[in-house]
>>> print(open('run.pdb').read())   # PDB, C-alpha atoms
ATOM      1  CA  MET A 152      98.747 128.152 112.594
ATOM      2  CA  GLU A 153     101.728 128.222 110.258
ATOM      3  CA  LEU A 154     101.759 125.929 107.256
ATOM      4  CA  ARG A 155     105.457 125.320 107.992
ATOM      5  CA  LEU A 156     104.534 123.632 111.268
ATOM      6  CA  LEU A 157     102.019 121.409 109.506
ATOM      7  CA  ARG A 158     104.594 120.399 106.882
ATOM      8  CA  HIS A 159     106.992 119.400 109.647
ATOM      9  CA  PHE A 160     104.224 117.519 111.460
ATOM     10  CA  VAL A 161     103.233 115.552 108.338
ATOM     11  CA  ALA A 162     106.856 114.603 107.688
ATOM     12  CA  VAL A 163     107.366 113.312 111.241
ATOM     13  CA  TYR A 164     103.997 111.523 111.242
ATOM     14  CA  GLU A 165     104.759 109.707 107.982
ATOM     15  CA  GLU A 166     108.427 108.987 108.668
ATOM     16  CA  ARG A 167     107.974 108.067 112.360
ATOM     17  CA  SER A 168     111.362 109.670 112.890
ATOM     18  CA  PHE A 169     112.606 113.190 113.487
ATOM     19  CA  THR A 170     115.884 112.379 111.744
ATOM     20  CA  ALA A 171     114.184 110.960 108.644
ATOM     21  CA  ALA A 172     111.735 113.876 108.603
ATOM     22  CA  ALA A 173     114.630 116.341 108.693
ATOM     23  CA  ARG A 174     116.293 114.607 105.731
ATOM     24  CA  ARG A 175     113.006 114.727 103.824
ATOM     25  CA  LEU A 176     112.604 118.439 104.569
ATOM     26  CA  HIS A 177     116.260 119.177 103.748
ATOM     27  CA  THR A 178     116.910 120.673 107.154
ATOM     28  CA  ALA A 179     118.535 119.728 110.458
ATOM     29  CA  GLN A 180     116.783 117.785 113.209
ATOM     30  CA  PRO A 181     116.586 120.578 115.857
ATOM     31  CA  PRO A 182     114.295 122.820 113.735
ATOM     32  CA  VAL A 183     111.968 119.866 113.190
ATOM     33  CA  SER A 184     111.838 119.095 116.911
ATOM     34  CA  GLN A 185     111.228 122.774 117.670
ATOM     35  CA  ALA A 186     108.428 122.962 115.088
ATOM     36  CA  ILE A 187     106.647 119.980 116.665
ATOM     37  CA  ALA A 188     107.108 121.468 120.144
ATOM     38  CA  ASN A 189     105.621 124.772 118.918
ATOM     39  CA  LEU A 190     102.678 122.995 117.332
ATOM     40  CA  GLU A 191     102.035 120.953 120.482
ATOM     41  CA  HIS A 192     102.130 124.143 122.548
ATOM     42  CA  GLU A 193      99.734 125.907 120.169
ATOM     43  CA  LEU A 194      97.254 123.024 120.148
ATOM     44  CA  GLY A 195      97.659 122.158 123.815
ATOM     45  CA  VAL A 196      98.121 118.443 123.121
ATOM     46  CA  ARG A 197     100.981 115.972 122.841
ATOM     47  CA  LEU A 198     101.344 114.771 119.248
ATOM     48  CA  PHE A 199     104.128 112.191 119.518
ATOM     49  CA  GLU A 200     105.376 109.772 122.128
ATOM     50  CA  ARG A 201     109.177 109.822 121.997
ATOM     51  CA  THR A 202     111.652 107.226 123.171
ATOM     52  CA  SER A 203     115.343 106.851 122.438
ATOM     53  CA  ARG A 204     114.491 104.445 119.617
ATOM     54  CA  SER A 205     111.073 105.411 118.287
ATOM     55  CA  VAL A 206     108.567 108.157 117.641
ATOM     56  CA  TRP A 207     104.913 107.177 117.707
ATOM     57  CA  PRO A 208     101.870 109.394 117.012
ATOM     58  CA  THR A 209      99.255 109.905 119.698
ATOM     59  CA  SER A 210      95.510 109.776 119.071
ATOM     60  CA  ALA A 211      95.583 113.575 118.732
ATOM     61  CA  ALA A 212      98.136 113.238 115.924
ATOM     62  CA  ASP A 213      95.904 110.690 114.190
ATOM     63  CA  VAL A 214      93.091 113.258 114.235
ATOM     64  CA  LEU A 215      95.335 116.094 113.052
ATOM     65  CA  TYR A 216      97.017 114.199 110.202
ATOM     66  CA  PRO A 217      94.136 114.160 107.623
ATOM     67  CA  GLU A 218      93.285 117.776 108.510
ATOM     68  CA  ALA A 219      96.912 118.818 108.022
ATOM     69  CA  LEU A 220      97.003 117.107 104.632
ATOM     70  CA  PHE A 221      93.781 118.871 103.649
ATOM     71  CA  LEU A 222      95.022 122.290 104.754
ATOM     72  CA  LEU A 223      98.326 121.901 102.929
ATOM     73  CA  ARG A 224      96.556 120.751  99.790
ATOM     74  CA  ARG A 225      94.089 123.645 100.008
ATOM     75  CA  ALA A 226      96.993 126.080 100.318
ATOM     76  CA  ALA A 227      98.488 124.680  97.122
ATOM     77  CA  GLU A 228      95.085 124.778  95.386
ATOM     78  CA  THR A 229      94.570 128.387  96.443
ATOM     79  CA  ARG A 230      97.696 129.403  94.564
ATOM     80  CA  THR A 231      96.380 127.571  91.509
ATOM     81  CA  LEU A 232      92.971 129.233  91.783
ATOM     82  CA  VAL A 233      94.399 132.728  92.231
ATOM     83  CA  ARG A 234      96.655 132.248  89.216
ATOM     84  CA  GLY A 235      93.748 130.946  87.106
ATOM     85  CA  GLU A 236      92.884 132.477  83.780
ATOM     86  CA  ALA A 237      91.044 135.783  83.934
ATOM     87  CA  GLY A 238      87.308 135.473  83.425
ATOM     88  CA  ARG A 239      87.122 131.796  84.367
ATOM     89  CA  THR A 240      85.230 130.789  87.502
ATOM     90  CA  PRO A 241      87.175 128.535  89.897
ATOM     91  CA  VAL A 242      85.460 125.231  90.595
ATOM     92  CA  ARG A 243      86.695 122.709  93.138
ATOM     93  CA  ILE A 244      85.941 119.093  92.263
ATOM     94  CA  ALA A 245      86.505 115.992  94.367
ATOM     95  CA  ALA A 246      86.002 112.454  93.114
ATOM     96  CA  VAL A 247      86.542 108.895  94.231
ATOM     97  CA  THR A 248      89.626 107.473  92.570
ATOM     98  CA  SER A 249      87.674 105.009  90.424
ATOM     99  CA  ALA A 250      85.938 107.902  88.610
ATOM    100  CA  PHE A 251      89.174 109.434  87.331
ATOM    101  CA  PRO A 252      89.985 107.213  84.313
ATOM    102  CA  ALA A 253      86.467 106.992  82.854
ATOM    103  CA  LEU A 254      84.498 110.025  83.984
ATOM    104  CA  LEU A 255      86.879 112.958  84.471
ATOM    105  CA  PRO A 256      88.248 112.907  80.896
ATOM    106  CA  ALA A 257      84.646 113.365  79.761
ATOM    107  CA  LEU A 258      83.802 115.965  82.410
ATOM    108  CA  LEU A 259      86.697 118.431  82.200
ATOM    109  CA  PRO A 260      86.147 119.347  78.511
ATOM    110  CA  GLU A 261      82.583 120.289  79.505
ATOM    111  CA  LEU A 262      83.958 123.043  81.776
ATOM    112  CA  PRO A 263      85.447 125.622  79.364
ATOM    113  CA  GLU A 264      84.178 128.579  81.442
ATOM    114  CA  TRP A 265      85.534 127.172  84.688
ATOM    115  CA  ASP A 266      89.024 126.838  86.095
ATOM    116  CA  PRO A 267      88.876 123.384  87.745
ATOM    117  CA  VAL A 268      90.951 122.157  90.654
ATOM    118  CA  VAL A 269      90.509 118.396  91.116
ATOM    119  CA  VAL A 270      91.404 116.219  94.100
ATOM    120  CA  ASP A 271      90.794 112.573  94.921
ATOM    121  CA  LEU A 272      88.959 112.024  98.191
ATOM    122  CA  GLY A 273      87.063 109.170  99.767
ATOM    123  CA  SER A 274      83.288 109.466  99.901
ATOM    124  CA  SER A 275      83.151 110.281 103.610
ATOM    125  CA  GLU A 276      85.772 113.006 103.205
ATOM    126  CA  GLN A 277      83.841 114.447 100.272
ATOM    127  CA  ARG A 278      80.629 114.747 102.268
ATOM    128  CA  HIS A 279      82.409 116.665 105.026
ATOM    129  CA  ALA A 280      84.263 118.878 102.542
ATOM    130  CA  LEU A 281      81.065 119.715 100.645
ATOM    131  CA  ALA A 282      79.180 120.541 103.839
ATOM    132  CA  ALA A 283      82.031 122.825 104.915
ATOM    133  CA  GLY A 284      82.110 124.619 101.557
ATOM    134  CA  ARG A 285      85.586 123.324 100.718
ATOM    135  CA  ILE A 286      84.520 121.784  97.390
ATOM    136  CA  ASP A 287      81.819 122.615  94.839
ATOM    137  CA  LEU A 288      81.207 119.183  93.328
ATOM    138  CA  ALA A 289      81.469 115.718  94.865
ATOM    139  CA  ILE A 290      81.532 112.533  92.784
ATOM    140  CA  LEU A 291      81.153 109.857  95.393
ATOM    141  CA  ARG A 292      79.594 106.586  96.400
ATOM    142  CA  GLU A 293      76.564 106.898  98.633
ATOM    143  CA  TRP A 294      73.117 105.422  98.982
ATOM    144  CA  ALA A 295      70.451 107.653  97.455
ATOM    145  CA  ASP A 296      68.482 110.063  99.625
ATOM    146  CA  ASP A 297      65.725 112.625  99.112
ATOM    147  CA  SER A 298      67.978 115.627  98.457
ATOM    148  CA  PRO A 299      67.403 117.498  95.164
ATOM    149  CA  ASP A 300      71.073 118.467  95.085
ATOM    150  CA  HIS A 301      72.411 115.226  93.696
ATOM    151  CA  ILE A 302      71.901 113.005  90.681
ATOM    152  CA  VAL A 303      72.259 109.284  90.123
ATOM    153  CA  LEU A 304      75.170 108.596  87.795
ATOM    154  CA  ALA A 305      74.965 104.812  88.013
ATOM    155  CA  ASP A 306      74.107 101.933  90.241
ATOM    156  CA  GLU A 307      77.120 100.000  89.080
ATOM    157  CA  ARG A 308      77.274  96.279  88.645
ATOM    158  CA  LEU A 309      80.046  94.448  90.461
ATOM    159  CA  LEU A 310      82.911  92.617  88.767
ATOM    160  CA  LEU A 311      85.370  90.029  89.992
ATOM    161  CA  ALA A 312      89.049  90.947  89.577
ATOM    162  CA  VAL A 313      91.399  87.954  89.439
ATOM    163  CA  PRO A 314      95.133  87.626  88.732
ATOM    164  CA  ILE A 315      96.002  86.736  85.161
ATOM    165  CA  GLY A 316      97.123  83.238  86.159
ATOM    166  CA  HIS A 317      93.891  82.421  88.006
ATOM    167  CA  PRO A 318      91.907  79.384  86.746
ATOM    168  CA  LEU A 319      88.940  81.677  86.013
ATOM    169  CA  ALA A 320      90.983  84.338  84.206
ATOM    170  CA  GLU A 321      89.891  83.349  80.695
ATOM    171  CA  ALA A 322      86.293  82.488  81.597
ATOM    172  CA  GLY A 323      84.740  85.938  81.105
ATOM    173  CA  THR A 324      82.144  85.296  83.815
ATOM    174  CA  ALA A 325      82.219  83.877  87.300
ATOM    175  CA  SER A 326      80.059  83.020  90.274
ATOM    176  CA  LEU A 327      80.923  84.428  93.660
ATOM    177  CA  ARG A 328      80.119  81.060  95.167
ATOM    178  CA  GLY A 329      83.109  79.749  93.242
ATOM    179  CA  VAL A 330      85.514  82.036  95.119
ATOM    180  CA  ALA A 331      83.933  81.700  98.560
ATOM    181  CA  ASN A 332      87.066  80.013  99.917
ATOM    182  CA  GLU A 333      89.560  82.332  98.268
ATOM    183  CA  ARG A 334      91.429  85.222  99.812
ATOM    184  CA  ILE A 335      89.686  88.526  99.135
ATOM    185  CA  VAL A 336      91.230  91.997  99.056
ATOM    186  CA  LEU A 337      88.801  94.567 100.472
ATOM    187  CA  PHE A 338      88.571  98.280 101.061
ATOM    188  CA  ALA A 339      88.994  99.541 104.577
ATOM    189  CA  ARG A 340      85.413 100.266 105.597
ATOM    190  CA  ASP A 341      86.180 103.680 107.081
ATOM    191  CA  ARG A 342      87.628 104.744 103.719
ATOM    192  CA  ALA A 343      84.846 103.388 101.474
ATOM    193  CA  PRO A 344      81.822 102.336 103.548
ATOM    194  CA  VAL A 345      79.348 102.138 100.643
ATOM    195  CA  ALA A 346      81.655 100.050  98.447
ATOM    196  CA  PHE A 347      82.477  97.842 101.437
ATOM    197  CA  ASP A 348      78.781  97.287 102.196
ATOM    198  CA  ALA A 349      77.976  96.547  98.535
ATOM    199  CA  ILE A 350      80.707  93.896  98.446
ATOM    200  CA  ALA A 351      79.526  92.440 101.762
ATOM    201  CA  ALA A 352      75.963  92.266 100.389
ATOM    202  CA  ALA A 353      77.157  90.469  97.244
ATOM    203  CA  CYS A 354      79.043  87.899  99.319
ATOM    204  CA  ALA A 355      76.049  87.389 101.613
ATOM    205  CA  GLU A 356      73.851  86.878  98.557
ATOM    206  CA  ALA A 357      76.281  84.182  97.437
ATOM    207  CA  GLY A 358      76.048  82.510 100.834
ATOM    208  CA  PHE A 359      79.338  83.380 102.502
ATOM    209  CA  SER A 360      81.069  86.094 104.457
ATOM    210  CA  ALA A 361      84.227  87.563 102.928
ATOM    211  CA  GLU A 362      87.420  86.804 104.829
ATOM    212  CA  PRO A 363      89.753  89.646 103.850
ATOM    213  CA  VAL A 364      93.429  88.965 103.341
ATOM    214  CA  ALA A 365      94.076  92.738 103.267
ATOM    215  CA  HIS A 366      92.247  96.035 103.803
ATOM    216  CA  VAL A 367      93.354  98.774 101.405
ATOM    217  CA  GLN A 368      92.753 102.499 100.958
ATOM    218  CA  SER A 369      92.535 102.745  97.154
ATOM    219  CA  GLU A 370      91.597 100.887  93.995
ATOM    220  CA  GLN A 371      95.220 101.013  92.854
ATOM    221  CA  ALA A 372      96.345  99.180  95.992
ATOM    222  CA  MET A 373      93.547  96.653  95.612
ATOM    223  CA  LEU A 374      94.323  95.814  91.982
ATOM    224  CA  GLY A 375      98.045  95.838  92.682
ATOM    225  CA  LEU A 376      97.604  93.115  95.290
ATOM    226  CA  VAL A 377      95.358  91.118  92.941
ATOM    227  CA  SER A 378      97.981  91.408  90.200
ATOM    228  CA  ALA A 379     100.587  90.167  92.676
ATOM    229  CA  GLY A 380      98.481  87.060  93.314
ATOM    230  CA  LEU A 381      97.595  87.849  96.921
ATOM    231  CA  GLY A 382      93.888  87.269  96.308
ATOM    232  CA  VAL A 383      90.837  88.275  94.292
ATOM    233  CA  ALA A 384      88.711  91.405  94.625
ATOM    234  CA  ILE A 385      85.118  92.453  94.018
ATOM    235  CA  VAL A 386      85.115  95.855  92.339
ATOM    236  CA  SER A 387      82.719  98.338  90.796
ATOM    237  CA  GLU A 388      82.042  98.190  87.071
ATOM    238  CA  ILE A 389      83.808 101.461  86.300
ATOM    239  CA  LEU A 390      87.175  99.925  87.238
ATOM    240  CA  GLY A 391      86.804  97.297  84.542
ATOM    241  CA  LEU A 392      86.769  99.966  81.820
ATOM    242  CA  THR A 393      90.522 100.500  82.138
ATOM    243  CA  PRO A 394      92.931  97.576  81.630
ATOM    244  CA  TRP A 395      95.135  96.782  84.597
ATOM    245  CA  PRO A 396      98.416  94.851  84.199
ATOM    246  CA  GLY A 397      98.146  91.294  85.435
ATOM    247  CA  VAL A 398      94.400  91.482  86.197
ATOM    248  CA  ARG A 399      91.312  90.088  84.469
ATOM    249  CA  PHE A 400      87.826  91.460  85.153
ATOM    250  CA  LEU A 401      84.949  88.970  85.111
ATOM    251  CA  SER A 402      81.233  89.716  85.113
ATOM    252  CA  LEU A 403      79.084  88.267  87.892
ATOM    253  CA  PRO A 404      75.737  87.258  86.357
ATOM    254  CA  GLY A 405      73.025  86.819  88.947
ATOM    255  CA  THR A 406      74.620  89.188  91.465
ATOM    256  CA  THR A 407      72.077  91.886  92.304
ATOM    257  CA  ALA A 408      74.179  93.982  94.714
ATOM    258  CA  ARG A 409      75.178  97.351  93.254
ATOM    259  CA  SER A 410      77.745 100.066  93.999
ATOM    260  CA  PRO A 411      76.015 103.465  93.641
ATOM    261  CA  LEU A 412      77.832 106.420  92.089
ATOM    262  CA  ARG A 413      76.385 109.906  92.649
ATOM    263  CA  ALA A 414      77.210 113.515  91.878
ATOM    264  CA  ARG A 415      76.429 115.959  94.680
ATOM    265  CA  VAL A 416      76.643 119.754  94.900
ATOM    266  CA  ALA A 417      75.992 122.493  97.448
ATOM    267  CA  ASP A 418      72.395 123.430  98.269
ATOM    268  CA  GLY A 419      70.632 124.787  95.217
ATOM    269  CA  ASP A 420      73.525 123.976  92.842
ATOM    270  CA  PRO A 421      74.748 127.608  92.793
ATOM    271  CA  LEU A 422      77.239 126.998  89.952
ATOM    272  CA  GLY A 423      74.819 124.974  87.829
ATOM    273  CA  LEU A 424      77.116 121.957  87.800
ATOM    274  CA  LEU A 425      74.661 119.053  87.854
ATOM    275  CA  PRO A 426      73.522 119.393  84.208
ATOM    276  CA  VAL A 427      77.179 119.647  83.139
ATOM    277  CA  VAL A 428      78.104 116.485  85.031
ATOM    278  CA  ALA A 429      75.053 114.727  83.635
ATOM    279  CA  ARG A 430      76.010 115.561  80.043
ATOM    280  CA  ALA A 431      79.586 114.416  80.603
ATOM    281  CA  PHE A 432      78.522 111.152  82.182
ATOM    282  CA  HIS A 433      75.966 110.529  79.450
ATOM    283  CA  SER A 434      78.733 110.953  76.847
ATOM    284  CA  ALA A 435      81.104 108.673  78.747
ATOM    285  CA  ARG A 436      78.391 106.082  79.175
ATOM    286  CA  GLN A 437      77.636 106.008  75.453
ATOM    287  CA  ALA A 438      81.301 105.962  74.422
ATOM    288  CA  LEU A 439      82.380 103.252  76.845
ATOM    289  CA  GLY A 440      79.261 101.114  77.049
ATOM    290  CA  PHE A 441      79.284 101.639  80.783
ATOM    291  CA  GLY A 442      76.415 101.145  83.210
ATOM    292  CA  GLY A 443      74.080  99.075  81.081
ATOM    293  CA  ASP A 444      71.565  98.675  83.885
ATOM    294  CA  ASP A 445      68.938 101.269  84.711
ATOM    295  CA  PRO A 446      70.845 104.013  86.559
ATOM    296  CA  ALA A 447      67.735 105.030  88.482
ATOM    297  CA  ARG A 448      67.514 101.706  90.293
ATOM    298  CA  GLY A 449      67.307 102.253  94.027
ATOM    299  CA  SER A 450      67.175 106.050  93.820
ATOM    300  CA  THR A 451      64.691 108.286  95.576
ATOM    301  CA  ASN A 452      63.614 111.721  94.374
ATOM    302  CA  SER A 453      66.762 112.040  92.291
ATOM    303  CA  PRO A 454      66.609 111.820  88.482
ATOM    304  CA  PRO A 455      69.182 109.728  86.636
ATOM    305  CA  ALA A 456      71.914 111.553  84.751
ATOM    306  CA  GLU A 457      70.337 110.859  81.356
ATOM    307  CA  GLN A 458      67.184 112.806  82.236
ATOM    308  CA  VAL A 459      69.210 115.742  83.556
ATOM    309  CA  ALA A 460      71.452 115.724  80.475
ATOM    310  CA  GLU A 461      68.494 115.700  78.100
ATOM    311  CA  GLY A 462      66.522 118.271  80.065
ATOM    312  CA  THR A 463      63.658 115.897  80.811
ATOM    313  CA  ALA A 464      64.158 115.611  84.569
ATOM    314  CA  PRO A 465      61.275 116.960  86.653
ATOM    315  CA  THR A 466      61.950 120.189  88.523
ATOM    316  CA  PRO A 467      62.582 119.464  92.236
TER     317      PRO A 467
END
>>> encode(input="run.pdb", output="structure tokens")
Amino acid sequence: MELRLLRHFVAVYEERSFTAAARRLHTAQPPVSQAIANLEHELGVRLFERTSRSVWPTSAADVLYPEALFLLRRAAETRTLVRGEAGRTPVRIAAVTSAFPALLPALLPELPEWDPVVVDLGSSEQRHALAAGRIDLAILREWADDSPDHIVLADERLLLAVPIGHPLAEAGTASLRGVANERIVLFARDRAPVAFDAIAAACAEAGFSAEPVAHVQSEQAMLGLVSAGLGVAIVSEILGLTPWPGVRFLSLPGTTARSPLRARVADGDPLGLLPVVARAFHSARQALGFGGDDPARGSTNSPPAEQVAEGTAPTP
């Protein structure tokens, strides 16, 4: 399968137009139409329904789209890895977006012998990519299990994000019961099932069921809508470490629901990454005052990052 065909497919899928896709690709429309026809012939499926006025993806196109994005990104990463500095081991890292501002600046300096390639992926995508050998390290949100190949970074407290003009904005703390009737911006569950379930549990604990005004794919979209005054959001603690224009973060005393953050590697940790991640997270935690609660809460057979960093974790 040619990468050129996938690039044409992604352009048509996102633009919903052969003409717009051709402009984006700096080519004429006939080559784009021919590329899609070739791809459909190769796959044996129809990718787009075409009318005189619209182009609409089929269910097969919906399945292909995230895979096409992944393959194109991996092709770009491969060039980066091949051109990496001599003597440095390539390491492929994926992380949920919320980990980038606080954790990755602490982690990357801990990798002087490695040549890192970093991508942002949702937790579900990370699990699939790790199982397929496409990444070496996953920093994701998942409930703890009995695998020795992951560590507990934090069971994060939840915060309430409100627009700067909200009546609670200067309060510092809030009760979820107080926003039970407000519009709430939520993750799409298929993108972030663990975060979604943690938020749902917090709302249930407060005696109501969240009525979402919008489902979003990223923290940036969520906080952007809060800043715009569309609603409030319940977010993980790590997001509150970085100021966001037009948003105030409030603690939620009495809320016991947590959003778990884990680091996971391939079976046996062949690159020895878990102690490195543990040290980096321990440093970030101390510098930022992050994750004040016991990070081992709710874990099973997986030592918290502090024990791994200090070399006191029991051998699996």
>>> resolve_selection(input="run.pdb", expression="the PyMOL selection byres ((chain A and resi 196-208) around 10)", output="mmCIF file with C-alpha atoms, in the frame of the given file")
data_model
loop_
_atom_site.group_PDB
_atom_site.id
_atom_site.type_symbol
_atom_site.label_atom_id
_atom_site.label_comp_id
_atom_site.auth_asym_id
_atom_site.auth_seq_id
_atom_site.Cartn_x
_atom_site.Cartn_y
_atom_site.Cartn_z
ATOM 1 C CA PHE A 160 104.224 117.519 111.460
ATOM 2 C CA VAL A 163 107.366 113.312 111.241
ATOM 3 C CA TYR A 164 103.997 111.523 111.242
ATOM 4 C CA GLU A 165 104.759 109.707 107.982
ATOM 5 C CA GLU A 166 108.427 108.987 108.668
ATOM 6 C CA ARG A 167 107.974 108.067 112.360
ATOM 7 C CA SER A 168 111.362 109.670 112.890
ATOM 8 C CA PHE A 169 112.606 113.190 113.487
ATOM 9 C CA ILE A 187 106.647 119.980 116.665
ATOM 10 C CA ALA A 188 107.108 121.468 120.144
ATOM 11 C CA LEU A 190 102.678 122.995 117.332
ATOM 12 C CA GLU A 191 102.035 120.953 120.482
ATOM 13 C CA HIS A 192 102.130 124.143 122.548
ATOM 14 C CA GLU A 193 99.734 125.907 120.169
ATOM 15 C CA LEU A 194 97.254 123.024 120.148
ATOM 16 C CA GLY A 195 97.659 122.158 123.815
ATOM 17 C CA THR A 209 99.255 109.905 119.698
ATOM 18 C CA SER A 210 95.510 109.776 119.071
ATOM 19 C CA ALA A 211 95.583 113.575 118.732
ATOM 20 C CA ALA A 212 98.136 113.238 115.924
ATOM 21 C CA ASP A 213 95.904 110.690 114.190
ATOM 22 C CA VAL A 214 93.091 113.258 114.235
ATOM 23 C CA LEU A 215 95.335 116.094 113.052
ATOM 24 C CA TYR A 216 97.017 114.199 110.202
#
>>> atom_distance(input="run.pdb", atom1="CA of Ala246 in chain A", atom2="CA of Ser378 in chain A")
24.4 Å
>>> atom_distance(input="run.pdb", atom1="CA of Glu218 in chain A", atom2="CA of Pro267 in chain A")
22.0 Å
>>> closest_atom_pairs(input="run.pdb", of="range 342-411 of chain A", to="range 298-306 of chain A", cutoff="9 Å", atoms="all atoms listed in the file", output="Markdown table")
| residue | atom | partner | partner_atom | distance |
| --- | --- | --- | --- | --- |
| A:Arg409 | CA | A:Asp306 | CA | 5.6 |
| A:Ser410 | CA | A:Asp306 | CA | 5.6 |
| A:Pro411 | CA | A:Asp306 | CA | 4.2 |
>>> resolve_selection(input="run.pdb", expression="the PyMOL selection byres ((chain A and resi 286) around 9)", output="PyMOL selection string")
chain A and resi 242-245+277+280-285+287-289+416-417
>>> resolve_selection(input="run.pdb", expression="the PyMOL selection byres ((chain A and resi 371) around 12)", output="list in words")
Val247, Thr248, Ser249, Phe251, Pro252, Val336, Leu337, Phe338, Val367, Gln368, Ser369, Glu370, Ala372, Met373, Leu374, Gly375, Leu376, Val377, Ser378, Ala384, Val386, Leu390, Thr393, Pro394, Trp395, Pro396 and Val398 of chain A
>>> atom_distance(input="run.pdb", atom1="CA of Glu321 in chain A", atom2="CA of Glu356 in chain A")
24.3 Å
>>> closest_residue(input="run.pdb", among="A:Ala408, A:Leu255, A:Leu311, A:Ala435", to="Leu327 in chain A", atoms="all atoms listed in the file")
A:Leu311
